[in-house]
$ cat upload38.pdb   # PDB, C-alpha atoms
ATOM      1  CA  ASP A   1     -10.499 -24.368  16.030
ATOM      2  CA  ALA A   2      -9.638 -24.772  19.713
ATOM      3  CA  GLY A   3      -6.278 -23.099  19.383
ATOM      4  CA  VAL A   4      -3.048 -24.311  20.941
ATOM      5  CA  ILE A   5      -3.809 -26.352  24.042
ATOM      6  CA  GLN A   6      -1.350 -26.681  26.891
ATOM      7  CA  SER A   7      -1.563 -28.794  30.009
ATOM      8  CA  PRO A   8      -1.414 -28.504  32.877
ATOM      9  CA  ARG A   9      -2.149 -24.792  33.379
ATOM     10  CA  HIS A  10      -0.374 -24.836  36.707
ATOM     11  CA  GLU A  11       2.239 -27.198  38.094
ATOM     12  CA  VAL A  12       3.785 -27.110  41.526
ATOM     13  CA  THR A  13       6.545 -29.577  42.257
ATOM     14  CA  GLU A  14       9.500 -30.094  44.523
ATOM     15  CA  MET A  15      13.103 -29.710  43.519
ATOM     16  CA  GLY A  16      14.489 -32.870  41.961
ATOM     17  CA  GLN A  17      11.198 -34.105  40.597
ATOM     18  CA  GLU A  18      10.521 -34.722  36.933
ATOM     19  CA  VAL A  19       8.125 -32.329  35.232
ATOM     20  CA  THR A  20       6.381 -32.913  31.915
ATOM     21  CA  LEU A  21       4.570 -30.155  30.082
ATOM     22  CA  ARG A  22       2.251 -30.955  27.197
ATOM     23  CA  CYS A  23       1.151 -29.166  24.058
ATOM     24  CA  LYS A  24      -1.346 -29.818  21.304
ATOM     25  CA  PRO A  25      -0.745 -27.501  18.343
ATOM     26  CA  ILE A  26      -3.386 -26.227  15.961
ATOM     27  CA  SER A  27      -4.283 -28.895  13.425
ATOM     28  CA  GLY A  28      -2.450 -28.422  10.148
ATOM     29  CA  HIS A  29       0.363 -26.331  11.590
ATOM     30  CA  ASP A  30       3.814 -27.552  10.622
ATOM     31  CA  TYR A  31       5.856 -25.599  13.168
ATOM     32  CA  LEU A  32       5.818 -25.898  16.941
ATOM     33  CA  PHE A  33       7.723 -23.688  19.382
ATOM     34  CA  TRP A  34       8.463 -23.892  23.095
ATOM     35  CA  TYR A  35       9.129 -20.645  24.999
ATOM     36  CA  ARG A  36       9.877 -19.787  28.608
ATOM     37  CA  GLN A  37       8.857 -16.470  30.198
ATOM     38  CA  THR A  38      10.341 -14.938  33.339
ATOM     39  CA  MET A  39      10.393 -11.422  34.701
ATOM     40  CA  MET A  40      14.151 -11.263  34.411
ATOM     41  CA  ARG A  41      14.650 -12.645  30.910
ATOM     42  CA  GLY A  42      11.315 -12.050  29.218
ATOM     43  CA  LEU A  43      10.065 -14.549  26.665
ATOM     44  CA  GLU A  44      12.808 -16.869  25.403
ATOM     45  CA  LEU A  45      12.653 -19.403  22.588
ATOM     46  CA  LEU A  46      13.789 -22.808  23.842
ATOM     47  CA  ILE A  47      13.326 -25.083  20.833
ATOM     48  CA  TYR A  48      11.254 -25.421  17.701
ATOM     49  CA  PHE A  49      10.111 -28.269  15.476
ATOM     50  CA  ASN A  50       9.212 -28.528  11.808
ATOM     51  CA  ASN A  51       7.126 -31.522  10.764
ATOM     52  CA  ASN A  52       7.866 -33.152  14.145
ATOM     53  CA  VAL A  53      11.646 -32.797  13.715
ATOM     54  CA  PRO A  54      13.633 -30.576  16.111
ATOM     55  CA  ILE A  55      15.247 -27.810  14.056
ATOM     56  CA  ASP A  56      16.917 -25.583  16.611
ATOM     57  CA  ASP A  57      17.391 -26.409  20.290
ATOM     58  CA  SER A  58      20.060 -23.796  20.962
ATOM     59  CA  GLY A  59      17.776 -22.085  23.467
ATOM     60  CA  MET A  60      17.426 -25.150  25.691
ATOM     61  CA  PRO A  61      19.187 -24.109  28.906
ATOM     62  CA  GLU A  62      20.869 -27.409  29.759
ATOM     63  CA  ASP A  63      20.691 -31.171  29.548
ATOM     64  CA  ARG A  64      17.994 -31.312  32.182
ATOM     65  CA  PHE A  65      15.600 -30.039  29.517
ATOM     66  CA  SER A  66      14.364 -32.211  26.681
ATOM     67  CA  ALA A  67      11.549 -31.889  24.151
ATOM     68  CA  LYS A  68       9.861 -34.394  21.901
ATOM     69  CA  MET A  69       7.232 -34.336  19.202
ATOM     70  CA  PRO A  70       6.148 -37.928  18.534
ATOM     71  CA  ASN A  71       3.437 -36.870  16.098
ATOM     72  CA  ALA A  72       1.933 -33.788  14.498
ATOM     73  CA  SER A  73      -0.607 -33.270  17.255
ATOM     74  CA  PHE A  74       1.451 -33.611  20.416
ATOM     75  CA  SER A  75       4.650 -32.346  21.969
ATOM     76  CA  THR A  76       6.210 -32.544  25.417
ATOM     77  CA  LEU A  77       8.799 -30.514  27.274
ATOM     78  CA  LYS A  78      10.422 -32.418  30.108
ATOM     79  CA  ILE A  79      12.606 -31.155  32.928
ATOM     80  CA  GLN A  80      14.494 -33.772  34.914
ATOM     81  CA  PRO A  81      15.516 -33.054  37.602
ATOM     82  CA  SER A  82      13.698 -29.788  38.171
ATOM     83  CA  GLU A  83      15.274 -26.891  40.078
ATOM     84  CA  PRO A  84      13.777 -23.750  41.663
ATOM     85  CA  ARG A  85      15.337 -21.588  38.924
ATOM     86  CA  ASP A  86      13.177 -23.410  36.386
ATOM     87  CA  SER A  87      10.117 -21.686  37.824
ATOM     88  CA  ALA A  88       8.538 -19.742  34.968
ATOM     89  CA  VAL A  89       5.625 -19.727  32.563
ATOM     90  CA  TYR A  90       6.198 -22.077  29.639
ATOM     91  CA  PHE A  91       4.423 -21.375  26.364
ATOM     92  CA  CYS A  92       3.870 -23.490  23.329
ATOM     93  CA  ALA A  93       3.109 -21.895  19.957
ATOM     94  CA  SER A  94       2.430 -23.199  16.476
ATOM     95  CA  SER A  95       2.385 -21.792  12.963
ATOM     96  CA  ARG A  96       1.354 -23.030   9.560
ATOM     97  CA  PHE A  97       4.474 -21.943   7.724
ATOM     98  CA  GLN A  98       7.915 -20.802   8.805
ATOM     99  CA  GLY A  99       7.130 -17.160   8.090
ATOM    100  CA  ASN A 100       3.571 -17.216   9.318
ATOM    101  CA  ILE A 101       1.846 -15.991  12.447
ATOM    102  CA  GLN A 102       2.624 -17.880  15.650
ATOM    103  CA  TYR A 103      -0.374 -18.788  17.789
ATOM    104  CA  PHE A 104       0.374 -19.195  21.455
ATOM    105  CA  GLY A 105      -1.245 -21.396  24.047
ATOM    106  CA  ALA A 106      -2.289 -20.050  27.437
ATOM    107  CA  GLY A 107       0.903 -21.351  29.034
ATOM    108  CA  THR A 108       1.859 -23.569  31.961
ATOM    109  CA  ARG A 109       2.894 -21.807  35.151
ATOM    110  CA  LEU A 110       5.577 -23.947  36.786
ATOM    111  CA  SER A 111       6.649 -23.495  40.368
ATOM    112  CA  VAL A 112       9.535 -25.592  41.650
ATOM    113  CA  LEU A 113       9.839 -25.437  45.426
TER     114      LEU A 113
ATOM    115  CA  THR B   1      24.218  -8.846  17.828
ATOM    116  CA  GLN B   2      21.198  -6.589  17.472
ATOM    117  CA  LEU B   3      20.171  -4.738  20.603
ATOM    118  CA  LEU B   4      16.439  -4.402  21.082
ATOM    119  CA  GLU B   5      14.930  -2.077  23.650
ATOM    120  CA  GLN B   6      11.341  -1.401  24.589
ATOM    121  CA  SER B   7      10.296   1.652  26.564
ATOM    122  CA  PRO B   8       8.922   2.426  28.962
ATOM    123  CA  GLN B   9       9.059  -0.783  30.944
ATOM    124  CA  PHE B  10       5.850   0.066  32.779
ATOM    125  CA  LEU B  11       3.028   2.491  32.107
ATOM    126  CA  SER B  12      -0.047   3.117  34.236
ATOM    127  CA  ILE B  13      -2.736   5.473  32.960
ATOM    128  CA  GLN B  14      -6.384   6.347  33.462
ATOM    129  CA  GLU B  15      -9.097   5.264  31.080
ATOM    130  CA  GLY B  16      -9.486   7.768  28.248
ATOM    131  CA  GLU B  17      -5.864   8.908  28.212
ATOM    132  CA  ASN B  18      -3.483   8.371  25.303
ATOM    133  CA  LEU B  19      -0.217   6.453  25.464
ATOM    134  CA  THR B  20       2.749   5.587  23.293
ATOM    135  CA  VAL B  21       5.219   2.722  23.665
ATOM    136  CA  TYR B  22       8.435   2.369  21.744
ATOM    137  CA  CYS B  23      10.595  -0.349  20.269
ATOM    138  CA  ASN B  24      14.150   0.550  19.269
ATOM    139  CA  SER B  25      17.003  -1.388  17.764
ATOM    140  CA  SER B  26      20.653  -0.699  17.065
ATOM    141  CA  SER B  27      20.242  -2.431  13.706
ATOM    142  CA  VAL B  28      17.754  -2.407  10.863
ATOM    143  CA  PHE B  29      14.649  -4.541  11.117
ATOM    144  CA  SER B  30      13.618  -6.220   7.895
ATOM    145  CA  SER B  31      10.121  -6.213   9.368
ATOM    146  CA  LEU B  32       8.605  -6.022  12.834
ATOM    147  CA  GLN B  33       5.665  -7.468  14.711
ATOM    148  CA  TRP B  34       3.746  -6.203  17.732
ATOM    149  CA  TYR B  35       2.095  -8.634  20.147
ATOM    150  CA  ARG B  36      -0.119  -8.059  23.176
ATOM    151  CA  GLN B  37      -0.152 -10.494  26.079
ATOM    152  CA  GLU B  38      -3.093 -10.247  28.456
ATOM    153  CA  PRO B  39      -2.798 -11.507  32.036
ATOM    154  CA  GLY B  40      -2.823 -15.287  32.196
ATOM    155  CA  GLU B  41      -2.705 -15.716  28.427
ATOM    156  CA  GLY B  42      -0.152 -16.137  25.669
ATOM    157  CA  PRO B  43       0.898 -13.319  23.319
ATOM    158  CA  VAL B  44      -1.409 -12.494  20.424
ATOM    159  CA  LEU B  45      -0.187 -10.889  17.222
ATOM    160  CA  LEU B  46      -1.549  -7.385  16.634
ATOM    161  CA  VAL B  47       0.257  -6.279  13.478
ATOM    162  CA  THR B  48       3.217  -6.787  11.175
ATOM    163  CA  VAL B  49       4.945  -3.761   9.627
ATOM    164  CA  VAL B  50       7.279  -4.207   6.706
ATOM    165  CA  THR B  51       7.961  -0.931   4.902
ATOM    166  CA  GLY B  52       9.943   1.975   6.375
ATOM    167  CA  GLY B  53       7.563   4.785   7.295
ATOM    168  CA  GLU B  54       4.576   2.451   7.236
ATOM    169  CA  VAL B  55       1.609   3.320   9.440
ATOM    170  CA  LYS B  56      -1.066   0.793  10.301
ATOM    171  CA  LYS B  57      -4.216   1.355  12.317
ATOM    172  CA  LEU B  58      -6.163  -1.183  14.297
ATOM    173  CA  LYS B  59      -9.165   0.604  15.802
ATOM    174  CA  ARG B  60      -7.666   2.872  18.484
ATOM    175  CA  LEU B  61      -4.143   1.492  17.992
ATOM    176  CA  THR B  62      -1.724   3.138  15.560
ATOM    177  CA  PHE B  63       1.523   1.411  14.662
ATOM    178  CA  GLN B  64       4.368   3.214  12.967
ATOM    179  CA  PHE B  65       7.562   1.802  11.515
ATOM    180  CA  GLY B  66      10.470   4.229  11.431
ATOM    181  CA  ASP B  67      11.762   5.455   8.089
ATOM    182  CA  ALA B  68      15.125   3.848   8.776
ATOM    183  CA  ARG B  69      13.436   0.651  10.027
ATOM    184  CA  LYS B  70      15.316   0.780  13.309
ATOM    185  CA  ASP B  71      12.391   1.738  15.492
ATOM    186  CA  SER B  72       8.663   1.429  15.854
ATOM    187  CA  SER B  73       5.959   2.949  17.999
ATOM    188  CA  LEU B  74       2.518   1.947  19.162
ATOM    189  CA  HIS B  75       0.077   4.716  20.038
ATOM    190  CA  ILE B  76      -3.202   4.013  21.790
ATOM    191  CA  THR B  77      -5.891   6.675  21.706
ATOM    192  CA  ALA B  78      -8.458   6.902  24.495
ATOM    193  CA  ALA B  79      -7.166   3.834  26.291
ATOM    194  CA  GLN B  80      -9.639   1.339  27.707
ATOM    195  CA  PRO B  81      -9.156  -1.184  30.541
ATOM    196  CA  GLY B  82      -9.197  -3.875  27.867
ATOM    197  CA  ASP B  83      -5.937  -2.453  26.517
ATOM    198  CA  THR B  84      -4.194  -3.618  29.683
ATOM    199  CA  GLY B  85      -1.441  -6.064  28.875
ATOM    200  CA  LEU B  86       2.187  -6.649  28.039
ATOM    201  CA  TYR B  87       3.144  -5.221  24.642
ATOM    202  CA  LEU B  88       5.975  -7.009  22.875
ATOM    203  CA  CYS B  89       7.911  -6.332  19.677
ATOM    204  CA  PRO B  90      10.007  -9.383  18.870
ATOM    205  CA  ARG B  91      12.764  -9.401  16.333
ATOM    206  CA  ARG B  92      14.349 -12.125  14.336
ATOM    207  CA  ARG B  93      17.372 -13.523  16.092
ATOM    208  CA  LEU B  94      19.427 -13.236  12.918
ATOM    209  CA  LEU B  95      18.750 -11.276   9.740
ATOM    210  CA  THR B  96      18.518 -14.464   7.746
ATOM    211  CA  ASP B  97      15.975 -16.051  10.079
ATOM    212  CA  SER B  98      12.390 -16.439   9.209
ATOM    213  CA  TRP B  99       9.742 -15.370  11.655
ATOM    214  CA  GLY B 100      10.253 -18.758  13.215
ATOM    215  CA  LYS B 101      13.100 -17.545  15.404
ATOM    216  CA  LEU B 102      11.593 -14.641  17.235
ATOM    217  CA  GLN B 103      13.478 -12.978  20.070
ATOM    218  CA  PHE B 104      11.267 -11.221  22.573
ATOM    219  CA  GLY B 105      12.376  -8.611  25.063
ATOM    220  CA  ALA B 106      10.779  -7.866  28.405
ATOM    221  CA  GLY B 107       8.121  -5.706  26.754
ATOM    222  CA  THR B 108       6.116  -2.776  28.077
ATOM    223  CA  GLN B 109       3.539  -3.494  30.758
ATOM    224  CA  VAL B 110       0.516  -1.235  30.293
ATOM    225  CA  VAL B 111      -2.156  -0.879  32.974
ATOM    226  CA  VAL B 112      -5.308   1.101  32.203
ATOM    227  CA  THR B 113      -7.451   1.823  35.231
ATOM    228  CA  PRO B 114     -11.149   2.745  35.045
TER     229      PRO B 114
END
$ encode --input "upload38.pdb" --output "structure tokens"
Amino acid sequence: DAGVIQSPRHEVTEMGQEVTLRCKPISGHDYLFWYRQTMMRGLELLIYFNNNVPIDDSGMPEDRFSAKMPNASFSTLKIQPSEPRDSAVYFCASSRFQGNIQYFGAGTRLSVL
Amino acid sequence: TQLLEQSPQFLSIQEGENLTVYCNSSSVFSSLQWYRQEPGEGPVLLVTVVTGGEVKKLKRLTFQFGDARKDSSLHITAAQPGDTGLYLCPRRRLLTDSWGKLQFGAGTQVVVTP
């Protein structure tokens, strides 16, 4: 299995622009998670899905952030408009069951100038 | 709210030395996981400990869960440069949560130099 695949690996954009991060979970996994990692706050859970349905988005920082999972093999995290404080590494993870191991992608490093 | 602390925040040692990192909570863990995150990669699960007093070994890594299930330690014997990484011990956000809602702290950054 190829593991969790995220794209792009690096994204540099200007403040105010829309940013879309992409994730392909491991085939057969029912749960998908989006995390954000910064030096100040560590690794934070933003939102997670079960069977393509958002279950808990309480970690999403504000309305500028949105996430979708149109099918079992694809999810997006969108930031519109982006701000410099959104600069971080964004990780996607998936798991087969709710209590099972989470497998993380390699992350997308976002820099908003 | 459970308070989770990892210590030290940063540790730099020479190859061949031993090291221990700690994970402490103000409340009881029902179970605890340790992850390692290598530079430029996502975290990878190392172990899950469930029973108070439990000790698990993974090659040169020894994981211990405190008897009261409020703390855990990770000991690395004869550290290698490949042990370099960020060590994380997430907890469930609420006692009733499944592993799905993990809350990670800042972790312990370990650097092993040749």
$ closest_residue --input "upload38.pdb" --among "A:Gly59, A:Gly16, A:Pro8, A:Pro25" --to "Asn71 in chain A" --atoms "only C-alpha atoms"
A:Pro25
$ interface_residues --input "upload38.pdb" --of "chain B" --to "chain A" --cutoff "9 Å" --atoms "only C-alpha atoms" --output "PDB file with C-alpha atoms, in the frame of the given file"
ATOM      1  CA  GLY B  40      -2.823 -15.287  32.196  1.00  0.00           C
ATOM      2  CA  GLU B  41      -2.705 -15.716  28.427  1.00  0.00           C
ATOM      3  CA  GLY B  42      -0.152 -16.137  25.669  1.00  0.00           C
ATOM      4  CA  PRO B  43       0.898 -13.319  23.319  1.00  0.00           C
ATOM      5  CA  VAL B  44      -1.409 -12.494  20.424  1.00  0.00           C
ATOM      6  CA  LEU B  45      -0.187 -10.889  17.222  1.00  0.00           C
ATOM      7  CA  SER B  98      12.390 -16.439   9.209  1.00  0.00           C
ATOM      8  CA  TRP B  99       9.742 -15.370  11.655  1.00  0.00           C
ATOM      9  CA  GLY B 100      10.253 -18.758  13.215  1.00  0.00           C
ATOM     10  CA  LYS B 101      13.100 -17.545  15.404  1.00  0.00           C
ATOM     11  CA  LEU B 102      11.593 -14.641  17.235  1.00  0.00           C
ATOM     12  CA  GLN B 103      13.478 -12.978  20.070  1.00  0.00           C
ATOM     13  CA  PHE B 104      11.267 -11.221  22.573  1.00  0.00           C
ATOM     14  CA  GLY B 105      12.376  -8.611  25.063  1.00  0.00           C
ATOM     15  CA  ALA B 106      10.779  -7.866  28.405  1.00  0.00           C
ATOM     16  CA  GLY B 107       8.121  -5.706  26.754  1.00  0.00           C
TER      17      GLY B 107
END
$ closest_residue --input "upload38.pdb" --among "B:Thr113, B:Gln37, B:Ser26, B:Thr62" --to "Tyr87 in chain B" --atoms "only C-alpha atoms"
B:Gln37
$ closest_residue --input "upload38.pdb" --among "A:Glu62, A:Asp30, A:Asp57, A:Asp86" --to "Thr13 in chain A" --atoms "all atoms listed in the file"
A:Asp86
$ resolve_selection --input "upload38.pdb" --expression "the PyMOL selection byres ((chain A and resi 12) around 10)" --output "ChimeraX atom specification"
/A:10-11,13-15,19,87,109-113
$ atom_distance --input "upload38.pdb" --atom1 "CA of Gln17 in chain A" --atom2 "CA of Ser73 in chain A"
26.2 Å
$ axis_aligned_box --input "upload38.pdb" --around "range 81-90 of chain B" --padding-each-side "5 Å" --output "JSON"
{"center_x": 0.4, "center_y": -5.3, "center_z": 24.7, "size_x": 29.2, "size_y": 18.2, "size_z": 21.7}
$ closest_residue --input "upload38.pdb" --among "B:Ala68, B:Leu46, B:Ala78, B:Ile13" --to "Phe29 in chain B" --atoms "only C-alpha atoms"
B:Ala68
$ resolve_selection --input "upload38.pdb" --expression "the PyMOL selection byres ((chain B and resi 49) around 12)" --output "PyMOL selection string"
chain B and resi 29-35+45-48+50-57+62-67+69-74+89-91
$ resolve_selection --input "upload38.pdb" --expression "the PyMOL selection byres ((chain B and resi 81) around 9)" --output "mmCIF file with C-alpha atoms, in the frame of the given file"
data_model
loop_
_atom_site.group_PDB
_atom_site.id
_atom_site.type_symbol
_atom_site.label_atom_id
_atom_site.label_comp_id
_atom_site.auth_asym_id
_atom_site.auth_seq_id
_atom_site.Cartn_x
_atom_site.Cartn_y
_atom_site.Cartn_z
ATOM 1 C CA GLN B 14 -6.384 6.347 33.462
ATOM 2 C CA GLU B 15 -9.097 5.264 31.080
ATOM 3 C CA ALA B 79 -7.166 3.834 26.291
ATOM 4 C CA GLN B 80 -9.639 1.339 27.707
ATOM 5 C CA GLY B 82 -9.197 -3.875 27.867
ATOM 6 C CA ASP B 83 -5.937 -2.453 26.517
ATOM 7 C CA THR B 84 -4.194 -3.618 29.683
ATOM 8 C CA VAL B 111 -2.156 -0.879 32.974
ATOM 9 C CA VAL B 112 -5.308 1.101 32.203
ATOM 10 C CA THR B 113 -7.451 1.823 35.231
ATOM 11 C CA PRO B 114 -11.149 2.745 35.045
#
$ atom_distance --input "upload38.pdb" --atom1 "CA of Arg36 in chain A" --atom2 "CA of Ser7 in chain B"
21.5 Å
$ closest_residue --input "upload38.pdb" --among "A:Ala72, A:Ile26, A:Ala2, A:Leu77" --to "Asn51 in chain A" --atoms "all atoms listed in the file"
A:Ala72
$ atom_distance --input "upload38.pdb" --atom1 "CA of Ile55 in chain A" --atom2 "CA of Trp34 in chain A"
12.0 Å
